[in-house]
Amino acid sequence: MPYSLEKEIFLYAPKDKVWRTYRDYLPKLVPAMSTVDEIKVINREEKTLEVFLQNRWKISGGLPRSVQKLIPPKLLSYHDEAIWNQKEYVCYFTETPIDGSQIYKCTGKNTFSEKGNNTLLTISFELIIHPEKIPGVPTFIARGIVPKIEKIISKEVAKNLAATAKVVERHINQK
């Protein structure tokens with residue numbers, strides 16, 4: 001059963017600028033992100049009201065040491081496929097490990113809402129780890145620890161997403 005999480009982040013910046021910065025400029029902000037080593041745009045297709053993006057993320061960590069021991073470094077790089085719906089101001093995304101192991105899948109959406117001249121970013125996602133795909137760990141053991149790992153990782157992801165939001169906010173407000 002996937003672990004679900006929703007987080008609201010208030011940004012002191014206009015919705016349109018927050019939206020465009022996330023969609024179009026996030027790779028340029030990597031130097032200001034403490035846990036992100038690289039965001040590489042693999043494919044970008046623009047339509048009238050949608051942008052389809054495929055990015056490759058390389059994360060340096062930020063996870064608790066107990067989780068780092070269980071997660072091979074190769075799982076800290078992942079594919080991010082996203083549909084940015086301009087009409088709804090919603091980004092729908094799917095993240096999977098770059099190594100093709102399919103050990104996990106994260107699906108969700110980021111909703112950008114206008115609050116006066118500011119933005120409420122609502123991030124919601126589900127993370128599922130497939131215990132039978134964890135190498136070197138018997139499935140019956142993995143099934144017992146996966147829910148705990150999903151919860152820990154989801155909370156760390158939420159913290160990193162909040163930190164990224166603050167990087168975006170600072171970038172917009174420094175212009």
# chains A, B, ... in the order shown; residues from 1 in each chain; ligands from 1
$ residues_around --residues "A:Glu126" --least-positions-apart "4" --cutoff "12 Å" --atoms "only C-alpha atoms" --output "VMD selection string"
chain A and resid 1 to 7 92 to 95 104 to 109 150 to 151 153 to 155 157 to 158
$ residues_around --residues "A:Thr35" --least-positions-apart "2" --cutoff "12 Å" --atoms "only C-alpha atoms" --output "ChimeraX atom specification"
/A:29-33,37-39,57-63,76-77,156-157,159-164,167
$ select_by_dssp --residues "stretch 37-138 of chain A" --states "alpha helix (DSSP H)" --output "number ranges by chain"
A: 65-70
$ write_last_selection --atoms "N, CA, C and O atoms" --output "PDB file, in the first residue's frame"
ATOM      1  N   ARG A  65      20.873   8.662   8.006  1.00  0.00           N
ATOM      2  CA  ARG A  65      21.892   7.628   7.766  1.00  0.00           C
ATOM      3  C   ARG A  65      21.302   6.222   7.740  1.00  0.00           C
ATOM      4  O   ARG A  65      21.750   5.369   6.988  1.00  0.00           O
ATOM      5  N   SER A  66      20.296   5.984   8.575  1.00  0.00           N
ATOM      6  CA  SER A  66      19.688   4.646   8.611  1.00  0.00           C
ATOM      7  C   SER A  66      19.067   4.293   7.261  1.00  0.00           C
ATOM      8  O   SER A  66      19.133   3.148   6.823  1.00  0.00           O
ATOM      9  N   VAL A  67      18.483   5.275   6.596  1.00  0.00           N
ATOM     10  CA  VAL A  67      17.883   5.036   5.278  1.00  0.00           C
ATOM     11  C   VAL A  67      18.971   4.961   4.218  1.00  0.00           C
ATOM     12  O   VAL A  67      18.906   4.138   3.298  1.00  0.00           O
ATOM     13  N   GLN A  68      20.004   5.810   4.345  1.00  0.00           N
ATOM     14  CA  GLN A  68      21.092   5.799   3.361  1.00  0.00           C
ATOM     15  C   GLN A  68      21.749   4.424   3.282  1.00  0.00           C
ATOM     16  O   GLN A  68      22.190   4.002   2.219  1.00  0.00           O
ATOM     17  N   LYS A  69      21.808   3.712   4.410  1.00  0.00           N
ATOM     18  CA  LYS A  69      22.399   2.375   4.413  1.00  0.00           C
ATOM     19  C   LYS A  69      21.575   1.395   3.584  1.00  0.00           C
ATOM     20  O   LYS A  69      22.108   0.426   3.052  1.00  0.00           O
ATOM     21  N   LEU A  70      20.269   1.638   3.498  1.00  0.00           N
ATOM     22  CA  LEU A  70      19.388   0.729   2.764  1.00  0.00           C
ATOM     23  C   LEU A  70      19.236   1.105   1.294  1.00  0.00           C
ATOM     24  O   LEU A  70      18.817   0.278   0.484  1.00  0.00           O
TER      25      LEU A  70
END
$ closest_residue --among "A:Lys175, A:Ser113, A:Ile83, A:Arg143" --to "A:Ile9" --atoms "only C-alpha atoms"
A:Ser113
$ atom_distance --atom1 "atom CA of A:Lys17" --atom2 "atom CA of A:Glu45"
20.1 Å
$ atom_distance --atom1 "atom CA of A:His79" --atom2 "atom CA of A:Lys40"
9.7 Å
$ atom_distance --atom1 "atom CA of A:Cys91" --atom2 "atom CA of A:Thr111"
6.5 Å
$ closest_residue --among "A:Phe10, A:Phe125, A:Phe140, A:Tyr78" --to "A:Gln102" --atoms "only C-alpha atoms"
A:Tyr78
$ select_by_dssp --residues "stretch 33-165 of chain A" --states "strand (DSSP E)" --output "number ranges by chain"
A: 36-46, 50-59, 77-85, 90-97, 104-115, 118-129
